[in-house]
Amino acid sequence: MKLLALVSLLCYLSCRVSADNEFKGLHVFEFNNSTYEVIDAYVTWYEANYACKLFGMFLVSVETEEEDAALRQAIVDYVADDFWTSGNNLFDLGHFYWDTTGRALGPFTNWAENHPDGGAQNCISLNGSFGHKWTDRFCSNSARFICEKAPCS
Ligand SMILES: [Ca+2]
């Protein structure tokens with residue numbers, strides 16, 4: 001049953017890709033042997049997570065200050081937009097981790113002031129309202145997103 005649901009979701013997403021080109025890349029760039037694609041679509045965290053996998057990539061994980069700076073530079077023109085990362089605490093409330101690597105955040109983090117501010121905001125975005133520093137948001141909110149393909153992923 002779970003597999004059926006997953007296949008349905010993948011078909012749904014791939015249809016959206018081909019139907020109206022909703023998932024077009026805004027910007028592709030490389031940094032430290034990873035390739036990144038900034039995607040021009042407003043979707044939930046869950047949709048973003050699957051969409052990156054459709055592209056043979058993963059939702060971005062931000063492990064170093066240098067990577068964070070490269071990402072923020074890539075989206076500097078999109079001051080009004082949030083971009084989903086793979087960061088979430090869906091399965092261990094209170095403890096954020098990168099979905100792609102399964103590793104806890106840190107040691108580097110770049111939370112916006114007064115964040116994370118908790119509640120049921122379980123997914124991390126690079127938030128345009130805070131210079132694309134990190135905020136916890138409701139995973140069901142819509143945001144743009146960034147996919148990453150690391151050499152060993
Ligand atoms: Ca990364």
# chains A, B, ... in the order shown; residues from 1 in each chain; ligands from 1

call {"tool": "select_by_dssp", "arguments": {"residues": "segment 34-98 of chain A", "states": "strand (DSSP E or B)", "output": "ChimeraX atom specification"}}
result
/A:34-43,58-59,82-88,97-98

call {"tool": "residues_near_ligand", "arguments": {"ligand": "ligand 1", "cutoff": "9 Å", "atoms": "only C-alpha atoms and all ligand atoms", "output": "MDAnalysis selection string"}}
result
chainID A and resid 34 36 59:64 67:68 100:101 148:150

call {"tool": "write_last_selection", "arguments": {"atoms": "N, CA and C atoms", "output": "short mmCIF file (atom, residue, chain, number, x, y, z; two decimals), in the first residue's frame"}}
result
data_model
loop_
_atom_site.label_atom_id
_atom_site.label_comp_id
_atom_site.auth_asym_id
_atom_site.auth_seq_id
_atom_site.Cartn_x
_atom_site.Cartn_y
_atom_site.Cartn_z
N SER A 34 29.81 19.40 -5.29
CA SER A 34 28.37 19.14 -5.35
C SER A 34 27.76 20.01 -6.45
N TYR A 36 24.15 21.88 -7.54
CA TYR A 36 22.92 22.38 -6.93
C TYR A 36 22.00 22.89 -8.02
N LEU A 59 17.10 16.94 -1.64
CA LEU A 59 16.90 18.27 -1.08
C LEU A 59 18.18 18.66 -0.33
N VAL A 60 18.55 19.92 -0.44
CA VAL A 60 19.87 20.35 0.00
C VAL A 60 20.09 20.19 1.51
N SER A 61 21.29 19.79 1.87
CA SER A 61 21.74 19.78 3.26
C SER A 61 22.88 20.77 3.38
N VAL A 62 22.85 21.57 4.42
CA VAL A 62 23.80 22.68 4.54
C VAL A 62 24.77 22.39 5.68
N GLU A 63 25.95 21.91 5.32
CA GLU A 63 26.85 21.39 6.35
C GLU A 63 27.95 22.34 6.79
N THR A 64 28.26 23.31 5.95
CA THR A 64 29.37 24.20 6.31
C THR A 64 28.99 25.65 6.07
N GLU A 67 29.33 26.42 2.38
CA GLU A 67 28.20 25.95 1.57
C GLU A 67 26.99 26.88 1.78
N ASP A 68 26.75 27.26 3.00
CA ASP A 68 25.63 28.17 3.31
C ASP A 68 25.80 29.50 2.56
N THR A 100 18.86 14.20 4.12
CA THR A 100 19.72 13.55 3.12
C THR A 100 20.80 12.70 3.77
N THR A 101 21.38 13.20 4.83
CA THR A 101 22.51 12.51 5.44
C THR A 101 22.12 11.76 6.70
N GLU A 148 20.37 19.10 -4.33
CA GLU A 148 21.83 18.94 -4.28
C GLU A 148 22.19 17.53 -4.73
N LYS A 149 23.24 17.44 -5.52
CA LYS A 149 23.80 16.13 -5.84
C LYS A 149 25.26 16.14 -5.43
N ALA A 150 25.53 15.41 -4.38
CA ALA A 150 26.89 15.31 -3.88
C ALA A 150 27.58 14.15 -4.59
#

call {"tool": "residues_around", "arguments": {"residues": "Asn127 of chain A", "least_positions_apart": "2", "cutoff": "12 Å", "atoms": "only C-alpha atoms", "output": "MDAnalysis selection string"}}
result
chainID A and resid 71:72 75:76 78:85 110:113 115:116 123:125 129:137 143:145

call {"tool": "write_last_selection", "arguments": {"atoms": "N, CA and C atoms", "output": "compact mmCIF listing (two decimals), in the first residue's frame"}}
result
# COMPACT_ATOMS: atom_id res chain seq x y z
N LEU A 71 25.05 29.04 -1.15
CA LEU A 71 23.61 28.92 -1.38
C LEU A 71 22.95 30.29 -1.30
N ARG A 72 23.28 31.04 -0.27
CA ARG A 72 22.65 32.35 -0.11
C ARG A 72 23.02 33.29 -1.27
N ILE A 75 20.82 32.59 -4.34
CA ILE A 75 19.40 32.99 -4.28
C ILE A 75 19.26 34.43 -3.78
N VAL A 76 20.34 35.18 -3.88
CA VAL A 76 20.35 36.53 -3.31
C VAL A 76 19.30 37.43 -3.95
N TYR A 78 16.34 36.57 -4.78
CA TYR A 78 14.97 36.13 -4.44
C TYR A 78 14.66 36.48 -2.99
N VAL A 79 14.66 37.77 -2.74
CA VAL A 79 14.54 38.24 -1.35
C VAL A 79 13.17 37.95 -0.76
N ALA A 80 12.18 37.73 -1.62
CA ALA A 80 10.83 37.51 -1.10
C ALA A 80 10.54 36.03 -0.87
N ASP A 81 11.51 35.17 -1.21
CA ASP A 81 11.21 33.74 -1.24
C ASP A 81 11.96 32.93 -0.19
N ASP A 82 11.26 31.90 0.26
CA ASP A 82 11.87 30.87 1.10
C ASP A 82 12.25 29.69 0.21
N PHE A 83 13.30 28.98 0.63
CA PHE A 83 13.75 27.80 -0.11
C PHE A 83 13.90 26.64 0.87
N TRP A 84 13.20 25.55 0.60
CA TRP A 84 13.30 24.38 1.47
C TRP A 84 14.69 23.77 1.43
N THR A 85 15.16 23.33 2.58
CA THR A 85 16.32 22.46 2.70
C THR A 85 15.82 21.10 3.16
N ASN A 110 22.98 28.27 10.99
CA ASN A 110 22.80 29.68 10.66
C ASN A 110 21.34 30.10 10.84
N TRP A 111 20.83 29.80 12.04
CA TRP A 111 19.44 30.13 12.34
C TRP A 111 19.23 31.65 12.33
N ALA A 112 18.08 32.07 11.81
CA ALA A 112 17.67 33.47 11.92
C ALA A 112 17.42 33.78 13.40
N GLU A 113 17.48 35.06 13.71
CA GLU A 113 17.26 35.48 15.09
C GLU A 113 15.91 34.94 15.60
N HIS A 115 15.04 31.94 16.10
CA HIS A 115 14.66 30.66 15.49
C HIS A 115 15.65 29.58 15.91
N PRO A 116 15.21 28.31 15.96
CA PRO A 116 13.84 27.87 15.67
C PRO A 116 12.88 28.33 16.76
N CYS A 123 10.11 21.91 9.49
CA CYS A 123 10.98 21.86 8.32
C CYS A 123 11.74 23.18 8.15
N ILE A 124 12.99 23.08 7.72
CA ILE A 124 13.86 24.25 7.69
C ILE A 124 13.92 24.85 6.28
N SER A 125 13.69 26.17 6.24
CA SER A 125 13.85 26.89 4.97
C SER A 125 14.92 27.96 5.13
N SER A 129 12.98 36.54 4.26
CA SER A 129 12.71 37.64 5.20
C SER A 129 13.86 37.84 6.18
N PHE A 130 14.75 36.87 6.26
CA PHE A 130 15.88 36.93 7.20
C PHE A 130 17.21 36.77 6.46
N GLY A 131 17.29 37.32 5.25
CA GLY A 131 18.53 37.21 4.49
C GLY A 131 18.89 35.76 4.17
N HIS A 132 17.86 34.92 4.05
CA HIS A 132 18.03 33.49 3.77
C HIS A 132 18.78 32.76 4.87
N LYS A 133 18.73 33.31 6.10
CA LYS A 133 19.12 32.49 7.25
C LYS A 133 18.01 31.47 7.50
N TRP A 134 18.27 30.53 8.42
CA TRP A 134 17.38 29.37 8.56
C TRP A 134 16.20 29.68 9.48
N THR A 135 15.03 29.22 9.05
CA THR A 135 13.86 29.28 9.93
C THR A 135 13.14 27.95 9.89
N ASP A 136 12.47 27.62 10.99
CA ASP A 136 11.61 26.44 11.01
C ASP A 136 10.22 26.88 10.56
N ARG A 137 9.66 26.13 9.61
CA ARG A 137 8.34 26.46 9.07
C ARG A 137 7.47 25.21 9.03
N ALA A 143 7.02 26.63 -0.62
CA ALA A 143 8.25 27.40 -0.81
C ALA A 143 8.94 26.86 -2.05
N ARG A 144 9.88 27.65 -2.56
CA ARG A 144 10.78 27.12 -3.57
C ARG A 144 11.75 26.14 -2.89
N PHE A 145 12.64 25.54 -3.66
CA PHE A 145 13.54 24.57 -3.02
C PHE A 145 14.83 24.42 -3.81

call {"tool": "atom_distance", "arguments": {"atom1": "atom CA of Glu65 of chain A", "atom2": "atom CA of Asn33 of chain A"}}
result
15.6 Å

call {"tool": "residues_around", "arguments": {"residues": "Glu37 of chain A", "least_positions_apart": "4", "cutoff": "7 Å", "atoms": "only C-alpha atoms", "output": "PyMOL selection string"}}
result
chain A and resi 25+27-29+146-148

call {"tool": "write_last_selection", "arguments": {"atoms": "N, CA and C atoms", "output": "short mmCIF file (atom, residue, chain, number, x, y, z; two decimals), in the first residue's frame"}}
result
data_model
loop_
_atom_site.label_atom_id
_atom_site.label_comp_id
_atom_site.auth_asym_id
_atom_site.auth_seq_id
_atom_site.Cartn_x
_atom_site.Cartn_y
_atom_site.Cartn_z
N GLY A 25 14.45 24.83 -13.54
CA GLY A 25 15.55 25.31 -12.73
C GLY A 25 15.76 26.80 -12.90
N HIS A 27 18.43 28.17 -11.50
CA HIS A 27 19.86 28.42 -11.42
C HIS A 27 20.54 27.09 -11.07
N VAL A 28 21.54 26.74 -11.84
CA VAL A 28 22.33 25.55 -11.54
C VAL A 28 23.74 26.01 -11.25
N PHE A 29 24.33 25.48 -10.19
CA PHE A 29 25.71 25.86 -9.89
C PHE A 29 26.42 24.74 -9.16
N ILE A 146 15.82 23.85 -3.16
CA ILE A 146 17.14 23.65 -3.77
C ILE A 146 17.50 22.17 -3.67
N CYS A 147 17.83 21.57 -4.81
CA CYS A 147 18.28 20.18 -4.83
C CYS A 147 19.80 20.16 -4.88
N GLU A 148 20.37 19.10 -4.33
CA GLU A 148 21.83 18.94 -4.28
C GLU A 148 22.19 17.53 -4.73
#

call {"tool": "atom_distance", "arguments": {"atom1": "atom CA of Ala51 of chain A", "atom2": "atom CA of Ala69 of chain A"}}
result
23.8 Å

call {"tool": "closest_residue", "arguments": {"among": "A:Cys139, A:Leu26, A:Cys52, A:Ala70", "to": "Gly119 of chain A", "atoms": "only C-alpha atoms"}}
result
A:Cys139

call {"tool": "select_by_dssp", "arguments": {"residues": "chain A", "states": "alpha helix (DSSP H)", "output": "PyMOL selection string"}}
result
chain A and resi 2-20+45-54+65-74

call {"tool": "write_last_selection", "arguments": {"atoms": "N, CA and C atoms", "output": "mmCIF file, in the first residue's frame"}}
result
data_model
loop_
_atom_site.group_PDB
_atom_site.id
_atom_site.type_symbol
_atom_site.label_atom_id
_atom_site.label_comp_id
_atom_site.auth_asym_id
_atom_site.auth_seq_id
_atom_site.Cartn_x
_atom_site.Cartn_y
_atom_site.Cartn_z
ATOM 1 N N LYS A 2 1.901 1.211 0.866
ATOM 2 C CA LYS A 2 2.804 2.369 0.941
ATOM 3 C C LYS A 2 3.503 2.587 -0.400
ATOM 4 N N LEU A 3 3.912 1.478 -1.028
ATOM 5 C CA LEU A 3 4.605 1.584 -2.309
ATOM 6 C C LEU A 3 3.680 2.185 -3.361
ATOM 7 N N LEU A 4 2.432 1.746 -3.326
ATOM 8 C CA LEU A 4 1.446 2.263 -4.276
ATOM 9 C C LEU A 4 1.287 3.774 -4.106
ATOM 10 N N ALA A 5 1.215 4.198 -2.856
ATOM 11 C CA ALA A 5 1.064 5.632 -2.575
ATOM 12 C C ALA A 5 2.279 6.402 -3.087
ATOM 13 N N LEU A 6 3.451 5.806 -2.895
ATOM 14 C CA LEU A 6 4.685 6.469 -3.332
ATOM 15 C C LEU A 6 4.718 6.576 -4.854
ATOM 16 N N VAL A 7 4.367 5.476 -5.526
ATOM 17 C CA VAL A 7 4.360 5.485 -6.995
ATOM 18 C C VAL A 7 3.365 6.528 -7.494
ATOM 19 N N SER A 8 2.216 6.596 -6.846
ATOM 20 C CA SER A 8 1.200 7.581 -7.248
ATOM 21 C C SER A 8 1.740 8.993 -7.105
ATOM 22 N N LEU A 9 2.435 9.220 -5.997
ATOM 23 C CA LEU A 9 2.964 10.562 -5.761
ATOM 24 C C LEU A 9 4.028 10.904 -6.813
ATOM 25 N N LEU A 10 4.887 9.927 -7.111
ATOM 26 C CA LEU A 10 5.941 10.169 -8.108
ATOM 27 C C LEU A 10 5.327 10.448 -9.473
ATOM 28 N N CYS A 11 4.284 9.708 -9.828
ATOM 29 C CA CYS A 11 3.604 9.954 -11.106
ATOM 30 C C CYS A 11 2.985 11.334 -11.103
ATOM 31 N N TYR A 12 2.372 11.680 -9.987
ATOM 32 C CA TYR A 12 1.754 13.000 -9.863
ATOM 33 C C TYR A 12 2.793 14.092 -10.067
ATOM 34 N N LEU A 13 3.940 13.926 -9.400
ATOM 35 C CA LEU A 13 4.978 14.946 -9.513
ATOM 36 C C LEU A 13 5.576 14.973 -10.912
ATOM 37 N N SER A 14 5.815 13.788 -11.514
ATOM 38 C CA SER A 14 6.429 13.779 -12.836
ATOM 39 C C SER A 14 5.467 14.354 -13.868
ATOM 40 N N CYS A 15 4.159 14.141 -13.664
ATOM 41 C CA CYS A 15 3.179 14.746 -14.563
ATOM 42 C C CYS A 15 3.234 16.265 -14.441
ATOM 43 N N ARG A 16 3.384 16.728 -13.213
ATOM 44 C CA ARG A 16 3.475 18.180 -13.024
ATOM 45 C C ARG A 16 4.710 18.724 -13.722
ATOM 46 N N VAL A 17 5.795 17.942 -13.693
ATOM 47 C CA VAL A 17 7.021 18.394 -14.348
ATOM 48 C C VAL A 17 6.794 18.552 -15.842
ATOM 49 N N SER A 18 6.207 17.497 -16.460
ATOM 50 C CA SER A 18 6.083 17.520 -17.912
ATOM 51 C C SER A 18 4.894 18.357 -18.369
ATOM 52 N N ALA A 19 3.858 18.447 -17.534
ATOM 53 C CA ALA A 19 2.631 19.099 -17.978
ATOM 54 C C ALA A 19 2.824 20.601 -18.181
ATOM 55 N N ASP A 20 3.384 21.240 -17.205
ATOM 56 C CA ASP A 20 3.443 22.701 -17.327
ATOM 57 C C ASP A 20 4.823 23.245 -16.965
ATOM 58 N N TRP A 45 7.159 20.972 1.667
ATOM 59 C CA TRP A 45 8.455 20.328 1.891
ATOM 60 C C TRP A 45 8.436 18.893 1.363
ATOM 61 N N TYR A 46 7.313 18.213 1.560
ATOM 62 C CA TYR A 46 7.211 16.803 1.157
ATOM 63 C C TYR A 46 7.339 16.686 -0.363
ATOM 64 N N GLU A 47 6.664 17.566 -1.075
ATOM 65 C CA GLU A 47 6.745 17.548 -2.546
ATOM 66 C C GLU A 47 8.163 17.871 -3.007
ATOM 67 N N ALA A 48 8.787 18.841 -2.353
ATOM 68 C CA ALA A 48 10.156 19.221 -2.718
ATOM 69 C C ALA A 48 11.106 18.048 -2.506
ATOM 70 N N ASN A 49 10.927 17.340 -1.384
ATOM 71 C CA ASN A 49 11.780 16.206 -1.049
ATOM 72 C C ASN A 49 11.698 15.129 -2.134
ATOM 73 N N TYR A 50 10.493 14.835 -2.608
ATOM 74 C CA TYR A 50 10.325 13.828 -3.654
ATOM 75 C C TYR A 50 10.774 14.354 -5.013
ATOM 76 N N ALA A 51 10.503 15.632 -5.278
ATOM 77 C CA ALA A 51 10.863 16.186 -6.586
ATOM 78 C C ALA A 51 12.366 16.100 -6.815
ATOM 79 N N CYS A 52 13.160 16.418 -5.792
ATOM 80 C CA CYS A 52 14.616 16.321 -5.948
ATOM 81 C C CYS A 52 15.018 14.899 -6.290
ATOM 82 N N LYS A 53 14.370 13.916 -5.664
ATOM 83 C CA LYS A 53 14.704 12.522 -5.945
ATOM 84 C C LYS A 53 14.356 12.173 -7.392
ATOM 85 N N LEU A 54 13.271 12.742 -7.898
ATOM 86 C CA LEU A 54 12.916 12.537 -9.310
ATOM 87 C C LEU A 54 14.027 13.016 -10.225
ATOM 88 N N GLU A 65 29.737 26.537 6.709
ATOM 89 C CA GLU A 65 29.530 27.970 6.525
ATOM 90 C C GLU A 65 29.732 28.352 5.061
ATOM 91 N N GLU A 66 30.724 27.715 4.414
ATOM 92 C CA GLU A 66 31.031 28.031 3.023
ATOM 93 C C GLU A 66 29.878 27.599 2.102
ATOM 94 N N GLU A 67 29.325 26.424 2.377
ATOM 95 C CA GLU A 67 28.195 25.952 1.575
ATOM 96 C C GLU A 67 26.991 26.876 1.778
ATOM 97 N N ASP A 68 26.748 27.262 3.002
ATOM 98 C CA ASP A 68 25.635 28.170 3.313
ATOM 99 C C ASP A 68 25.795 29.496 2.562
ATOM 100 N N ALA A 69 27.020 30.006 2.540
ATOM 101 C CA ALA A 69 27.286 31.277 1.852
ATOM 102 C C ALA A 69 27.058 31.131 0.348
ATOM 103 N N ALA A 70 27.482 29.991 -0.222
ATOM 104 C CA ALA A 70 27.306 29.758 -1.658
ATOM 105 C C ALA A 70 25.820 29.679 -2.005
ATOM 106 N N LEU A 71 25.053 29.037 -1.146
ATOM 107 C CA LEU A 71 23.610 28.925 -1.379
ATOM 108 C C LEU A 71 22.945 30.287 -1.304
ATOM 109 N N ARG A 72 23.279 31.042 -0.273
ATOM 110 C CA ARG A 72 22.648 32.353 -0.111
ATOM 111 C C ARG A 72 23.021 33.285 -1.268
ATOM 112 N N GLN A 73 24.242 33.152 -1.771
ATOM 113 C CA GLN A 73 24.651 33.938 -2.932
ATOM 114 C C GLN A 73 23.817 33.561 -4.161
ATOM 115 N N ALA A 74 23.542 32.271 -4.319
ATOM 116 C CA ALA A 74 22.803 31.782 -5.488
ATOM 117 C C ALA A 74 21.358 32.276 -5.513
#

call {"tool": "residues_around", "arguments": {"residues": "Gly102 of chain A", "least_positions_apart": "3", "cutoff": "12 Å", "atoms": "only C-alpha atoms", "output": "PyMOL selection string"}}
result
chain A and resi 61+63+86-92+95-99+105

call {"tool": "write_last_selection", "arguments": {"atoms": "C-alpha atoms", "output": "compact mmCIF listing (two decimals), in the first residue's frame"}}
result
# COMPACT_ATOMS: atom_id res chain seq x y z
CA SER A 61 21.74 19.78 3.26
CA GLU A 63 26.85 21.39 6.35
CA SER A 86 16.29 18.81 3.79
CA GLY A 87 16.47 19.92 7.44
CA ASN A 88 13.59 18.77 9.61
CA ASN A 89 12.64 17.31 12.96
CA LEU A 90 9.70 15.24 11.78
CA PHE A 91 10.89 12.01 13.37
CA ASP A 92 12.63 13.31 16.46
CA HIS A 95 16.17 17.55 17.26
CA PHE A 96 16.70 18.81 13.76
CA TYR A 97 18.67 16.69 11.29
CA TRP A 98 19.46 16.70 7.57
CA ASP A 99 17.15 14.27 5.83
CA LEU A 105 22.61 19.80 12.26

call {"tool": "atom_distance", "arguments": {"atom1": "atom CA of Asn114 of chain A", "atom2": "atom CA of Val38 of chain A"}}
result
26.3 Å

call {"tool": "decode", "arguments": {"residues": "segment 61-144 of chain A", "atoms": "C-alpha atoms", "output": "compact mmCIF listing (two decimals), in the first residue's frame"}}
result
# COMPACT_ATOMS: atom_id res chain seq x y z
CA SER A 61 21.74 19.78 3.26
CA VAL A 62 23.80 22.68 4.54
CA GLU A 63 26.85 21.39 6.35
CA THR A 64 29.37 24.20 6.31
CA GLU A 65 29.53 27.97 6.52
CA GLU A 66 31.03 28.03 3.02
CA GLU A 67 28.20 25.95 1.57
CA ASP A 68 25.63 28.17 3.31
CA ALA A 69 27.29 31.28 1.85
CA ALA A 70 27.31 29.76 -1.66
CA LEU A 71 23.61 28.92 -1.38
CA ARG A 72 22.65 32.35 -0.11
CA GLN A 73 24.65 33.94 -2.93
CA ALA A 74 22.80 31.78 -5.49
CA ILE A 75 19.40 32.99 -4.28
CA VAL A 76 20.35 36.53 -3.31
CA ASP A 77 17.96 38.00 -5.89
CA TYR A 78 14.97 36.13 -4.44
CA VAL A 79 14.54 38.24 -1.35
CA ALA A 80 10.83 37.51 -1.10
CA ASP A 81 11.21 33.74 -1.24
CA ASP A 82 11.87 30.87 1.10
CA PHE A 83 13.75 27.80 -0.11
CA TRP A 84 13.30 24.38 1.47
CA THR A 85 16.32 22.46 2.70
CA SER A 86 16.29 18.81 3.79
CA GLY A 87 16.47 19.92 7.44
CA ASN A 88 13.59 18.77 9.61
CA ASN A 89 12.64 17.31 12.96
CA LEU A 90 9.70 15.24 11.78
CA PHE A 91 10.89 12.01 13.37
CA ASP A 92 12.63 13.31 16.46
CA LEU A 93 10.78 16.38 17.60
CA GLY A 94 13.12 18.94 19.04
CA HIS A 95 16.17 17.55 17.26
CA PHE A 96 16.70 18.81 13.76
CA TYR A 97 18.67 16.69 11.29
CA TRP A 98 19.46 16.70 7.57
CA ASP A 99 17.15 14.27 5.83
CA THR A 100 19.72 13.55 3.12
CA THR A 101 22.51 12.51 5.44
CA GLY A 102 20.59 11.47 8.54
CA ARG A 103 23.01 13.58 10.55
CA ALA A 104 22.12 16.16 13.16
CA LEU A 105 22.61 19.80 12.26
CA GLY A 106 25.93 21.32 13.13
CA PRO A 107 28.38 22.13 14.29
CA PHE A 108 27.68 24.95 11.83
CA THR A 109 24.16 26.40 11.95
CA ASN A 110 22.80 29.68 10.66
CA TRP A 111 19.44 30.13 12.34
CA ALA A 112 17.67 33.47 11.92
CA GLU A 113 17.26 35.48 15.09
CA ASN A 114 14.73 33.91 17.48
CA HIS A 115 14.66 30.66 15.49
CA PRO A 116 13.84 27.87 15.67
CA ASP A 117 10.67 29.10 17.31
CA GLY A 118 9.10 25.70 17.59
CA GLY A 119 5.53 24.54 17.66
CA ALA A 120 4.71 22.23 14.80
CA GLN A 121 7.13 23.97 12.46
CA ASN A 122 9.21 20.97 11.57
CA CYS A 123 10.98 21.86 8.32
CA ILE A 124 13.86 24.25 7.69
CA SER A 125 13.85 26.89 4.97
CA LEU A 126 16.35 29.50 3.89
CA ASN A 127 14.07 32.43 4.66
CA GLY A 128 14.11 35.49 2.41
CA SER A 129 12.71 37.64 5.20
CA PHE A 130 15.88 36.93 7.20
CA GLY A 131 18.53 37.21 4.49
CA HIS A 132 18.03 33.49 3.77
CA LYS A 133 19.12 32.49 7.25
CA TRP A 134 17.38 29.37 8.56
CA THR A 135 13.86 29.28 9.93
CA ASP A 136 11.61 26.44 11.01
CA ARG A 137 8.34 26.46 9.07
CA PHE A 138 5.27 24.30 8.69
CA CYS A 139 6.23 21.54 6.26
CA SER A 140 2.86 21.96 4.53
CA ASN A 141 3.69 25.57 3.62
CA SER A 142 4.74 26.27 0.04
CA ALA A 143 8.25 27.40 -0.81
CA ARG A 144 10.78 27.12 -3.57
